[in-house]
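**Student:** My structure is stored as protein.pdb, with PDB, C-alpha atoms.
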ATOM      1  CA  MET A  63       0.000   0.000   0.000
ATOM      2  CA  GLY A  64       2.893   2.329   0.669
ATOM      3  CA  ARG A  65       4.023   2.025  -2.946
ATOM      4  CA  ILE A  66       0.546   2.365  -4.420
ATOM      5  CA  LEU A  67      -0.484   5.562  -2.644
ATOM      6  CA  PRO A  68       2.200   7.871  -4.154
ATOM      7  CA  ALA A  69       1.503   6.474  -7.629
ATOM      8  CA  ARG A  70      -2.240   7.021  -7.273
ATOM      9  CA  LEU A  71      -1.746  10.549  -5.953
ATOM     10  CA  ALA A  72       0.499  11.285  -8.946
ATOM     11  CA  GLN A  73      -2.228   9.968 -11.259
ATOM     12  CA  ILE A  74      -4.784  12.223  -9.572
ATOM     13  CA  ALA A  75      -2.520  15.251  -9.984
ATOM     14  CA  ALA A  76      -1.925  14.474 -13.669
ATOM     15  CA  THR A  77      -5.647  13.959 -14.268
ATOM     16  CA  LEU A  78      -6.482  17.266 -12.621
ATOM     17  CA  ALA A  79      -3.863  19.066 -14.736
ATOM     18  CA  ILE A  80      -5.271  17.619 -17.966
ATOM     19  CA  LEU A  81      -8.845  18.301 -16.886
ATOM     20  CA  SER A  82      -8.057  21.902 -15.948
ATOM     21  CA  PHE A  83      -6.457  22.554 -19.339
ATOM     22  CA  CYS A  84      -9.331  20.969 -21.281
ATOM     23  CA  ALA A  85     -12.001  22.797 -19.271
ATOM     24  CA  PHE A  86     -10.180  26.122 -19.585
ATOM     25  CA  ALA A  87      -9.786  25.612 -23.340
ATOM     26  CA  LEU A  88     -13.433  24.683 -23.865
ATOM     27  CA  ILE A  89     -14.649  27.721 -21.944
ATOM     28  CA  ALA A  90     -12.231  29.942 -23.857
ATOM     29  CA  LEU A  91     -13.633  28.609 -27.160
ATOM     30  CA  MET A  92     -17.218  29.395 -26.171
ATOM     31  CA  PRO A  93     -18.719  32.431 -27.941
ATOM     32  CA  GLY A  94     -18.873  35.534 -25.809
ATOM     33  CA  ASP A  95     -17.194  36.365 -22.513
ATOM     34  CA  PRO A  96     -18.177  37.935 -19.165
ATOM     35  CA  ILE A  97     -17.378  41.398 -20.467
ATOM     36  CA  GLU A  98     -19.883  41.042 -23.305
ATOM     37  CA  VAL A  99     -22.470  39.882 -20.772
ATOM     38  CA  ALA A 100     -21.748  42.961 -18.642
ATOM     39  CA  ILE A 101     -22.082  45.227 -21.698
ATOM     40  CA  ALA A 102     -25.407  43.610 -22.624
ATOM     41  CA  GLY A 103     -26.668  44.194 -19.084
ATOM     42  CA  ASP A 104     -25.540  47.832 -18.911
ATOM     43  CA  PRO A 105     -25.853  49.799 -22.193
ATOM     44  CA  ARG A 106     -24.004  52.743 -20.617
ATOM     45  CA  LEU A 107     -20.707  50.873 -20.895
ATOM     46  CA  THR A 108     -18.642  52.044 -23.848
ATOM     47  CA  SER A 109     -16.101  50.161 -25.944
ATOM     48  CA  GLU A 110     -13.330  51.886 -23.976
ATOM     49  CA  ASP A 111     -14.846  50.564 -20.732
ATOM     50  CA  ALA A 112     -14.960  47.071 -22.229
ATOM     51  CA  ALA A 113     -11.297  47.293 -23.275
ATOM     52  CA  ARG A 114     -10.248  48.372 -19.770
ATOM     53  CA  MET A 115     -12.267  45.540 -18.190
ATOM     54  CA  ARG A 116     -10.745  42.975 -20.543
ATOM     55  CA  ALA A 117      -7.272  44.233 -19.693
ATOM     56  CA  LEU A 118      -8.108  44.142 -15.972
ATOM     57  CA  HIS A 119      -9.248  40.500 -16.162
ATOM     58  CA  GLY A 120      -6.468  39.473 -18.557
ATOM     59  CA  LEU A 121      -8.860  38.625 -21.380
ATOM     60  CA  ASP A 122      -6.749  40.567 -23.883
ATOM     61  CA  ARG A 123      -3.784  38.214 -23.411
ATOM     62  CA  PRO A 124      -3.113  35.015 -25.419
ATOM     63  CA  PHE A 125      -4.716  31.780 -24.303
ATOM     64  CA  HIS A 126      -1.573  30.134 -22.931
ATOM     65  CA  GLU A 127      -0.690  33.180 -20.820
ATOM     66  CA  ARG A 128      -4.197  33.289 -19.338
ATOM     67  CA  TYR A 129      -4.114  29.575 -18.542
ATOM     68  CA  LEU A 130      -0.687  29.709 -16.911
ATOM     69  CA  ALA A 131      -1.665  32.726 -14.812
ATOM     70  CA  TRP A 132      -4.880  31.031 -13.683
ATOM     71  CA  ALA A 133      -3.194  27.691 -12.951
ATOM     72  CA  SER A 134      -0.340  29.291 -11.025
ATOM     73  CA  GLY A 135      -2.896  31.149  -8.925
ATOM     74  CA  LEU A 136      -4.619  27.861  -8.082
ATOM     75  CA  LEU A 137      -1.322  26.322  -6.992
ATOM     76  CA  ARG A 138      -0.743  29.295  -4.676
ATOM     77  CA  GLY A 139      -4.209  28.869  -3.173
ATOM     78  CA  ASP A 140      -5.615  31.928  -4.935
ATOM     79  CA  PHE A 141      -8.975  30.772  -6.324
ATOM     80  CA  GLY A 142      -9.931  34.196  -7.586
ATOM     81  CA  TYR A 143     -13.166  36.136  -7.302
ATOM     82  CA  SER A 144     -16.716  35.224  -8.287
ATOM     83  CA  ARG A 145     -18.242  37.842 -10.557
ATOM     84  CA  LEU A 146     -21.745  36.374 -10.121
ATOM     85  CA  PHE A 147     -21.820  36.277  -6.306
ATOM     86  CA  ALA A 148     -19.386  39.169  -5.702
ATOM     87  CA  GLN A 149     -17.419  37.051  -3.215
ATOM     88  CA  PRO A 150     -14.097  35.225  -3.162
ATOM     89  CA  VAL A 151     -14.467  31.767  -4.698
ATOM     90  CA  ALA A 152     -12.902  30.123  -1.634
ATOM     91  CA  ALA A 153     -15.682  31.522   0.584
ATOM     92  CA  LEU A 154     -18.328  29.896  -1.638
ATOM     93  CA  LEU A 155     -16.735  26.464  -2.052
ATOM     94  CA  GLY A 156     -16.504  25.368   1.597
ATOM     95  CA  PRO A 157     -20.213  25.442   2.554
ATOM     96  CA  ALA A 158     -21.238  24.095  -0.855
ATOM     97  CA  LEU A 159     -18.835  21.144  -0.644
ATOM     98  CA  LEU A 160     -19.956  20.254   2.882
ATOM     99  CA  SER A 161     -23.593  20.289   1.761
ATOM    100  CA  THR A 162     -22.863  18.002  -1.203
ATOM    101  CA  LEU A 163     -20.816  15.594   0.919
ATOM    102  CA  ALA A 164     -23.642  15.404   3.461
ATOM    103  CA  LEU A 165     -26.139  14.621   0.703
ATOM    104  CA  ALA A 166     -23.970  12.082  -1.122
ATOM    105  CA  GLY A 167     -22.716  10.411   2.077
ATOM    106  CA  THR A 168     -26.203  10.005   3.531
ATOM    107  CA  ALA A 169     -27.520   8.678   0.223
ATOM    108  CA  LEU A 170     -24.655   6.177   0.010
ATOM    109  CA  LEU A 171     -25.330   4.948   3.541
ATOM    110  CA  VAL A 172     -29.067   4.544   2.859
ATOM    111  CA  ALA A 173     -28.483   2.879  -0.522
ATOM    112  CA  LEU A 174     -25.934   0.431   0.909
ATOM    113  CA  THR A 175     -28.149  -0.452   3.871
ATOM    114  CA  LEU A 176     -31.289  -1.009   1.808
ATOM    115  CA  GLY A 177     -29.420  -2.661  -1.062
ATOM    116  CA  VAL A 178     -27.629  -5.161   1.176
ATOM    117  CA  ALA A 179     -30.872  -5.878   3.055
ATOM    118  CA  LEU A 180     -32.705  -6.571  -0.202
ATOM    119  CA  GLY A 181     -29.813  -8.694  -1.441
ATOM    120  CA  ALA A 182     -29.785 -10.731   1.759
ATOM    121  CA  LEU A 183     -33.548 -11.205   1.454
ATOM    122  CA  ALA A 184     -33.234 -12.424  -2.138
ATOM    123  CA  ALA A 185     -30.358 -14.803  -1.271
ATOM    124  CA  SER A 186     -31.996 -16.292   1.831
ATOM    125  CA  ARG A 187     -35.591 -16.313   0.530
ATOM    126  CA  PRO A 188     -35.620 -17.422  -3.132
ATOM    127  CA  ARG A 189     -39.326 -16.606  -3.407
ATOM    128  CA  ALA A 190     -38.541 -12.950  -2.748
ATOM    129  CA  ALA A 191     -35.910 -12.776  -5.506
ATOM    130  CA  PRO A 192     -38.359 -11.755  -8.307
ATOM    131  CA  ALA A 193     -39.688  -8.875  -6.211
ATOM    132  CA  VAL A 194     -36.144  -7.707  -5.421
ATOM    133  CA  ASP A 195     -35.239  -7.888  -9.119
ATOM    134  CA  ALA A 196     -38.312  -5.818  -9.976
ATOM    135  CA  ILE A 197     -37.340  -3.153  -7.448
ATOM    136  CA  ALA A 198     -33.779  -3.125  -8.821
ATOM    137  CA  VAL A 199     -34.977  -2.752 -12.422
ATOM    138  CA  MET A 200     -37.292   0.115 -11.496
ATOM    139  CA  GLY A 201     -34.526   1.885  -9.587
ATOM    140  CA  GLN A 202     -32.085   1.614 -12.482
ATOM    141  CA  ALA A 203     -34.633   2.584 -15.132
ATOM    142  CA  MET A 204     -35.730   5.893 -13.617
ATOM    143  CA  PRO A 205     -33.537   8.942 -14.391
ATOM    144  CA  THR A 206     -32.503  10.895 -11.319
ATOM    145  CA  PHE A 207     -34.057  14.190 -12.374
ATOM    146  CA  TRP A 208     -37.374  12.510 -13.307
ATOM    147  CA  LEU A 209     -37.539  10.594 -10.029
ATOM    148  CA  GLY A 210     -36.830  13.790  -8.095
ATOM    149  CA  ILE A 211     -39.680  15.600  -9.861
ATOM    150  CA  LEU A 212     -42.060  12.713  -9.111
ATOM    151  CA  LEU A 213     -41.129  12.777  -5.419
ATOM    152  CA  ILE A 214     -41.647  16.538  -5.282
ATOM    153  CA  ILE A 215     -45.112  16.208  -6.855
ATOM    154  CA  ALA A 216     -46.093  13.348  -4.550
ATOM    155  CA  PHE A 217     -44.703  14.354  -1.156
ATOM    156  CA  ALA A 218     -44.325  18.141  -1.396
ATOM    157  CA  VAL A 219     -47.101  19.336  -3.719
ATOM    158  CA  THR A 220     -49.838  16.707  -3.280
ATOM    159  CA  LEU A 221     -49.356  15.551   0.312
ATOM    160  CA  GLY A 222     -47.468  18.552   1.679
ATOM    161  CA  TRP A 223     -45.403  16.396   4.032
ATOM    162  CA  LEU A 224     -41.951  17.586   3.020
ATOM    163  CA  PRO A 225     -40.413  20.756   1.548
ATOM    164  CA  ALA A 226     -39.889  20.745  -2.198
ATOM    165  CA  GLY A 227     -36.317  21.992  -1.885
ATOM    166  CA  GLY A 228     -34.181  24.883  -0.834
ATOM    167  CA  ALA A 229     -31.939  25.417   2.164
ATOM    168  CA  ALA A 230     -32.521  23.922   5.591
ATOM    169  CA  GLU A 231     -33.411  26.174   8.473
ATOM    170  CA  ALA A 232     -32.017  25.669  11.963
ATOM    171  CA  GLY A 233     -33.370  22.418  13.405
ATOM    172  CA  ALA A 234     -35.109  21.394  10.155
ATOM    173  CA  GLY A 235     -32.196  19.953   8.254
ATOM    174  CA  LEU A 236     -33.489  16.383   8.149
ATOM    175  CA  ARG A 237     -36.761  17.366   6.495
ATOM    176  CA  TYR A 238     -34.875  19.075   3.690
ATOM    177  CA  LEU A 239     -32.656  16.024   3.210
ATOM    178  CA  VAL A 240     -35.375  13.374   2.888
ATOM    179  CA  LEU A 241     -36.412  13.856  -0.739
ATOM    180  CA  PRO A 242     -32.912  14.481  -2.192
ATOM    181  CA  VAL A 243     -31.482  11.503  -0.283
ATOM    182  CA  ALA A 244     -34.380   9.275  -1.368
ATOM    183  CA  THR A 245     -33.853  10.319  -4.997
ATOM    184  CA  LEU A 246     -30.154   9.431  -4.931
ATOM    185  CA  ALA A 247     -30.554   6.263  -2.841
ATOM    186  CA  ILE A 248     -33.293   4.749  -5.015
ATOM    187  CA  ALA A 249     -31.214   5.355  -8.121
ATOM    188  CA  HIS A 250     -28.170   3.537  -6.662
ATOM    189  CA  LEU A 251     -29.466   0.784  -4.384
ATOM    190  CA  ALA A 252     -30.313  -1.492  -7.332
ATOM    191  CA  ALA A 253     -26.686  -2.335  -8.057
ATOM    192  CA  TYR A 254     -25.957  -3.022  -4.385
ATOM    193  CA  ALA A 255     -29.009  -5.296  -4.086
ATOM    194  CA  ARG A 256     -28.103  -7.357  -7.147
ATOM    195  CA  HIS A 257     -24.421  -7.756  -6.354
ATOM    196  CA  SER A 258     -24.983  -8.537  -2.687
ATOM    197  CA  ALA A 259     -27.604 -11.153  -3.634
ATOM    198  CA  ALA A 260     -25.310 -12.797  -6.176
ATOM    199  CA  SER A 261     -22.323 -12.735  -3.821
ATOM    200  CA  LEU A 262     -24.322 -14.136  -0.896
ATOM    201  CA  GLU A 263     -25.828 -16.892  -3.042
ATOM    202  CA  ALA A 264     -22.349 -17.988  -4.100
ATOM    203  CA  THR A 265     -21.003 -17.794  -0.545
ATOM    204  CA  LEU A 266     -23.888 -19.785   0.928
ATOM    205  CA  THR A 267     -22.813 -22.802  -1.137
ATOM    206  CA  GLU A 268     -19.289 -22.877   0.343
ATOM    207  CA  PRO A 269     -18.221 -25.833   2.565
ATOM    208  CA  TRP A 270     -17.767 -23.776   5.746
ATOM    209  CA  ILE A 271     -21.376 -22.577   5.465
ATOM    210  CA  ARG A 272     -22.615 -26.161   5.315
ATOM    211  CA  THR A 273     -20.403 -26.946   8.312
ATOM    212  CA  ALA A 274     -21.886 -24.044  10.304
ATOM    213  CA  ARG A 275     -25.392 -25.229   9.486
ATOM    214  CA  ALA A 276     -24.528 -28.822  10.405
ATOM    215  CA  ARG A 277     -23.388 -27.614  13.832
ATOM    216  CA  GLY A 278     -26.852 -26.147  14.405
ATOM    217  CA  ALA A 279     -26.059 -22.445  13.991
ATOM    218  CA  PRO A 280     -29.199 -20.313  13.473
ATOM    219  CA  GLU A 281     -29.744 -19.133   9.912
ATOM    220  CA  ARG A 282     -29.323 -15.462  10.834
ATOM    221  CA  ILE A 283     -25.924 -16.255  12.394
ATOM    222  CA  VAL A 284     -24.913 -18.196   9.304
ATOM    223  CA  LEU A 285     -26.009 -15.355   7.048
ATOM    224  CA  PHE A 286     -24.609 -12.313   8.859
ATOM    225  CA  ARG A 287     -21.641 -13.714  10.810
ATOM    226  CA  HIS A 288     -20.261 -16.306   8.385
ATOM    227  CA  ALA A 289     -21.539 -15.513   4.898
ATOM    228  CA  PHE A 290     -21.824 -11.759   4.739
ATOM    229  CA  PRO A 291     -18.233 -10.811   5.745
ATOM    230  CA  ASN A 292     -16.935 -12.974   2.901
ATOM    231  CA  ALA A 293     -19.507 -11.633   0.441
ATOM    232  CA  ALA A 294     -19.040  -7.953   1.319
ATOM    233  CA  LEU A 295     -15.958  -7.283  -0.817
ATOM    234  CA  PRO A 296     -17.738  -7.246  -4.221
ATOM    235  CA  VAL A 297     -20.323  -4.840  -2.824
ATOM    236  CA  LEU A 298     -17.530  -2.569  -1.576
ATOM    237  CA  GLN A 299     -15.934  -2.678  -5.025
ATOM    238  CA  ILE A 300     -19.201  -1.598  -6.620
ATOM    239  CA  ALA A 301     -19.510   1.220  -4.077
ATOM    240  CA  ALA A 302     -15.994   2.374  -4.991
ATOM    241  CA  LEU A 303     -16.777   2.374  -8.695
ATOM    242  CA  ASP A 304     -20.073   4.123  -7.967
ATOM    243  CA  ALA A 305     -18.425   7.088  -6.255
ATOM    244  CA  GLY A 306     -18.208   9.104  -9.461
ATOM    245  CA  ALA A 307     -21.779   8.331 -10.476
ATOM    246  CA  LEU A 308     -23.017   9.202  -6.992
ATOM    247  CA  ALA A 309     -21.244  12.566  -7.115
ATOM    248  CA  GLY A 310     -22.690  13.254 -10.571
ATOM    249  CA  GLY A 311     -26.140  12.287  -9.378
ATOM    250  CA  ALA A 312     -25.770  14.623  -6.404
ATOM    251  CA  LEU A 313     -25.075  17.513  -8.781
ATOM    252  CA  VAL A 314     -28.257  16.816 -10.751
ATOM    253  CA  THR A 315     -30.300  16.249  -7.591
ATOM    254  CA  GLU A 316     -29.172  19.549  -6.053
ATOM    255  CA  THR A 317     -30.274  21.363  -9.197
ATOM    256  CA  VAL A 318     -33.695  19.669  -9.177
ATOM    257  CA  PHE A 319     -34.311  20.444  -5.496
ATOM    258  CA  ALA A 320     -32.616  23.877  -5.576
ATOM    259  CA  ARG A 321     -30.440  22.650  -2.723
ATOM    260  CA  PRO A 322     -27.301  24.705  -1.999
ATOM    261  CA  GLY A 323     -24.265  22.611  -2.871
ATOM    262  CA  MET A 324     -21.605  22.058  -5.487
ATOM    263  CA  GLY A 325     -24.161  21.061  -8.114
ATOM    264  CA  LYS A 326     -26.286  24.162  -7.656
ATOM    265  CA  LEU A 327     -23.182  26.329  -7.430
ATOM    266  CA  LEU A 328     -21.744  24.869 -10.631
ATOM    267  CA  TYR A 329     -25.071  25.228 -12.439
ATOM    268  CA  ASP A 330     -25.430  28.870 -11.390
ATOM    269  CA  ALA A 331     -21.831  29.596 -12.384
ATOM    270  CA  VAL A 332     -22.288  28.118 -15.863
ATOM    271  CA  MET A 333     -25.645  29.794 -16.466
ATOM    272  CA  GLY A 334     -24.321  33.098 -15.124
ATOM    273  CA  ASN A 335     -21.144  32.912 -17.244
ATOM    274  CA  ASP A 336     -18.973  33.017 -14.118
ATOM    275  CA  THR A 337     -16.071  31.150 -15.695
ATOM    276  CA  ASN A 338     -13.673  31.357 -12.750
ATOM    277  CA  LEU A 339     -16.160  29.892 -10.275
ATOM    278  CA  ALA A 340     -17.255  27.219 -12.770
ATOM    279  CA  LEU A 341     -13.679  26.054 -13.399
ATOM    280  CA  VAL A 342     -12.707  25.842  -9.738
ATOM    281  CA  ALA A 343     -15.975  24.119  -8.777
ATOM    282  CA  LEU A 344     -15.522  21.559 -11.567
ATOM    283  CA  LEU A 345     -11.983  20.744 -10.435
ATOM    284  CA  LEU A 346     -13.076  20.441  -6.806
ATOM    285  CA  VAL A 347     -15.872  18.011  -7.738
ATOM    286  CA  ALA A 348     -13.413  15.943  -9.787
ATOM    287  CA  LEU A 349     -10.854  15.934  -6.962
ATOM    288  CA  THR A 350     -13.458  14.859  -4.405
ATOM    289  CA  THR A 351     -14.620  12.018  -6.634
ATOM    290  CA  MET A 352     -11.097  10.740  -7.261
ATOM    291  CA  LEU A 353     -10.171  10.906  -3.579
ATOM    292  CA  ALA A 354     -13.330   8.973  -2.667
ATOM    293  CA  THR A 355     -12.430   6.298  -5.213
ATOM    294  CA  LEU A 356      -8.879   6.157  -3.857
ATOM    295  CA  GLY A 357     -10.153   5.752  -0.293
ATOM    296  CA  ALA A 358     -12.459   2.908  -1.322
ATOM    297  CA  ASP A 359      -9.603   1.218  -3.197
ATOM    298  CA  LEU A 360      -7.353   1.405  -0.135
ATOM    299  CA  ALA A 361     -10.171  -0.003   2.002
ATOM    300  CA  GLN A 362     -10.500  -2.958  -0.372
ATOM    301  CA  ARG A 363      -6.795  -3.680  -0.117
ATOM    302  CA  ALA A 364      -6.975  -3.522   3.663
ATOM    303  CA  LEU A 365      -9.830  -6.051   3.710
ATOM    304  CA  ASP A 366      -8.536  -8.463   1.065
ATOM    305  CA  PRO A 367      -4.972  -9.806   1.542
ATOM    306  CA  ARG A 368      -4.912 -10.997  -2.091
ATOM    307  CA  LEU A 369      -5.050  -7.412  -3.341
ATOM    308  CA  ARG A 370      -2.208  -6.418  -1.010
ATOM    309  CA  GLU A 371      -0.049  -9.216  -2.405
ATOM    310  CA  ARG A 372      -0.552  -7.915  -5.955
TER
END
When written as structure tokens, how does the structure in this file appear?
**Tutor:**
Amino acid sequence: MGRILPARLAQIAATLAILSFCAFALIALMPGDPIEVAIAGDPRLTSEDAARMRALHGLDRPFHERYLAWASGLLRGDFGYSRLFAQPVAALLGPALLSTLALAGTALLVALTLGVALGALAASRPRAAPAVDAIAVMGQAMPTFWLGILLIIAFAVTLGWLPAGGAAEAGAGLRYLVLPVATLAIAHLAAYARHSAASLEATLTEPWIRTARARGAPERIVLFRHAFPNAALPVLQIAALDAGALAGGALVTETVFARPGMGKLLYDAVMGNDTNLALVALLLVALTTMLATLGADLAQRALDPRLRER
């Protein structure tokens, strides 16, 4: 593990460098710039004002000079200023990232718990397997944004039980988390249910399971103490691979529910043509996803001696 960690961190750094260049280039190739947006919003600005603003923001310099200046500022910890929110970018990223991590982490915990429970039910009760498969197919078939809209219509508009979205007030945070977490969890529990069921079914046929049953161990002890620890590794691998998809789903879900977070912040930055905030937010989301995948990979190696030997 000591040899793998530096190599993986180097890969993450290289990926971020390539991603930053590609994102900066794509935004630079887009028609228009923030100065043109400002001119369209204030007809009193003259061409001389626009030239001074472009010089102030470095937009009159060649592409490579602008990229190097922006990248060197990031390496120094200078994330720049948000034109849309009139605040330093660093002041906006912290609360938004914490909100997204709370949403994605809670959804992962709920999806894993329900998915493993459904998988254990399908493996131990074959008659329940068709119902579990139906639930898994429905969860995978529904797009995240469509499911979120359905939950808003059902539980916020029709029944009025839960808020449709927005920020949580003091003491009411859980109510604002229910619908976004349910949207993300339903979309991701299907894979956990199927893989845990398949892994448990294979493990329950092993010789030590038959030995435990022959000694008179209760079925719940056989399932959760003997079978599940050996069947948990594939589910953990799926959770590691699902980290990127879960982060992407959180971005869409935050936009649907108007929940403050990295997704809503990134959406507002793109729609408001706030290029600096959009670039830094995109890199932070990518970094968080890659670090989560790295952490899950290290956890797998800690649990499975065969991976450590490789």
**Student:** For stretch 168-184 of chain A, find every residue with an atom within 8 Å (counting all atoms listed in the file), except residues of its own chain fewer than 4 positions away, and show them as a PyMOL selection string.
**Tutor:** chain A and resi 164+188-191+194+243-244+246-248+250-260+262+285+308
**Student:** Give the answer as one residue: which of A:Ile283, A:Pro205, A:Leu155, A:Leu81 has the shortest atom-to-atom distance to A:Lys326, using all atoms listed in the file?
**Tutor:**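 For A:Lys326, the nearest of the candidates is A:Leu155.
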**Student:** Between A:Pro68, A:Pro242, A:Pro322, A:Gly311, which is the closest to A:Thr206 once you count all atoms listed in the file?
**Tutor:**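 For A:Thr206, the nearest of the given residues is A:Gly311.
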**Student:** At what distance in Å, to one decimal, does atom CA of A:Leu298 lie from atom CA of A:Val284?
**Tutor:**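 If I compute the distance from atom CA of A:Val284 to atom CA of A:Leu298, I get 20.4 Å.
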**Student:** Do you know which residues lie at most 10 Å from (-37.5, 14.1, 3.0), with coordinates as in the file and all atoms listed in the file counted, and could you write them as a list in words?
**Tutor:**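 Counting all atoms listed in the file, I find these residues within 10 Å of (-37.5, 14.1, 3.0): Leu213, Ile214, Phe217, Ala218, Trp223, Leu224, Pro225, Ala226, Gly227, Gly235, Leu236, Arg237, Tyr238, Leu239, Val240, Leu241, Pro242, Val243, Ala244 and Thr245 of chain A.
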**Student:** Select, from A:Val199, A:Leu341, A:Ala312, A:Ala294, the residue with the minimum atom-to-atom distance to A:Ser82, counting all atoms listed in the file.
**Tutor:** A:Leu341
**Student:** So the first atom is atom CA of A:Thr317 and the second is atom CA of A:Tyr329; what is the distance between them in Å, to one decimal place?
**Tutor:** 7.2 Å
**Student:** Which value, in Å to one decimal, gives the distance between atom CA of A:Pro296 and atom CA of A:Asp359?
**Tutor:**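 Answer for the atom CA of A:Pro296 to atom CA of A:Asp359 separation: 11.8 Å.
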**Student:** Pick the closest to A:Leu353 from A:Leu71, A:Phe83, A:Phe286, A:Glu127: which is it, counting all atoms listed in the file?
**Tutor:** A:Leu71
**Student:** Can you pull out every residue within 6 Å of stretch 137-150 of chain A, counting only C-alpha atoms, but drop anything in the same chain fewer than 3 positions away, and send it as a ChimeraX atom specification?
**Tutor:** /A:134,153,336,339
**Student:** Please provide as a PyMOL selection string all residues within 9 Å of A:Ser161, with the sequence filter that same-chain residues fewer than 5 positions apart are discarded (counting only C-alpha atoms).
**Tutor:** chain A and resi 156+166+321-324
**Student:** Go ahead and write the selection's residues with C-alpha atoms as a short mmCIF file (atom, residue, chain, number, x, y, z; two decimals), in the coordinates of the input.
**Tutor:**
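Written file, part_22.cif:
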data_model
loop_
_atom_site.label_atom_id
_atom_site.label_comp_id
_atom_site.auth_asym_id
_atom_site.auth_seq_id
_atom_site.Cartn_x
_atom_site.Cartn_y
_atom_site.Cartn_z
CA GLY A 156 -16.50 25.37 1.60
CA ALA A 166 -23.97 12.08 -1.12
CA ARG A 321 -30.44 22.65 -2.72
CA PRO A 322 -27.30 24.70 -2.00
CA GLY A 323 -24.26 22.61 -2.87
CA MET A 324 -21.60 22.06 -5.49
#
**Student:** Which residues come within 12 Å of A:Gln73, counting all atoms listed in the file, excluding same-chain residues fewer than 5 positions away, as a ChimeraX atom specification?
**Tutor:** /A:66-68,78-80,349,352-353,356
**Student:** Of the residues A:Leu360, A:Ile89, A:Ala76, A:Phe319, which is the one nearest to A:Ile215, using all atoms listed in the file?
**Tutor:** A:Phe319
**Student:** Quick one: everything within 9 Å of A:Ala343, counting all atoms listed in the file, minus sequence neighbours fewer than 2 positions away in the same chain. Send it as an MDAnalysis selection string.
**Tutor:** chainID A and resid 151 155 324:325 327:328 331 338:341 345:348
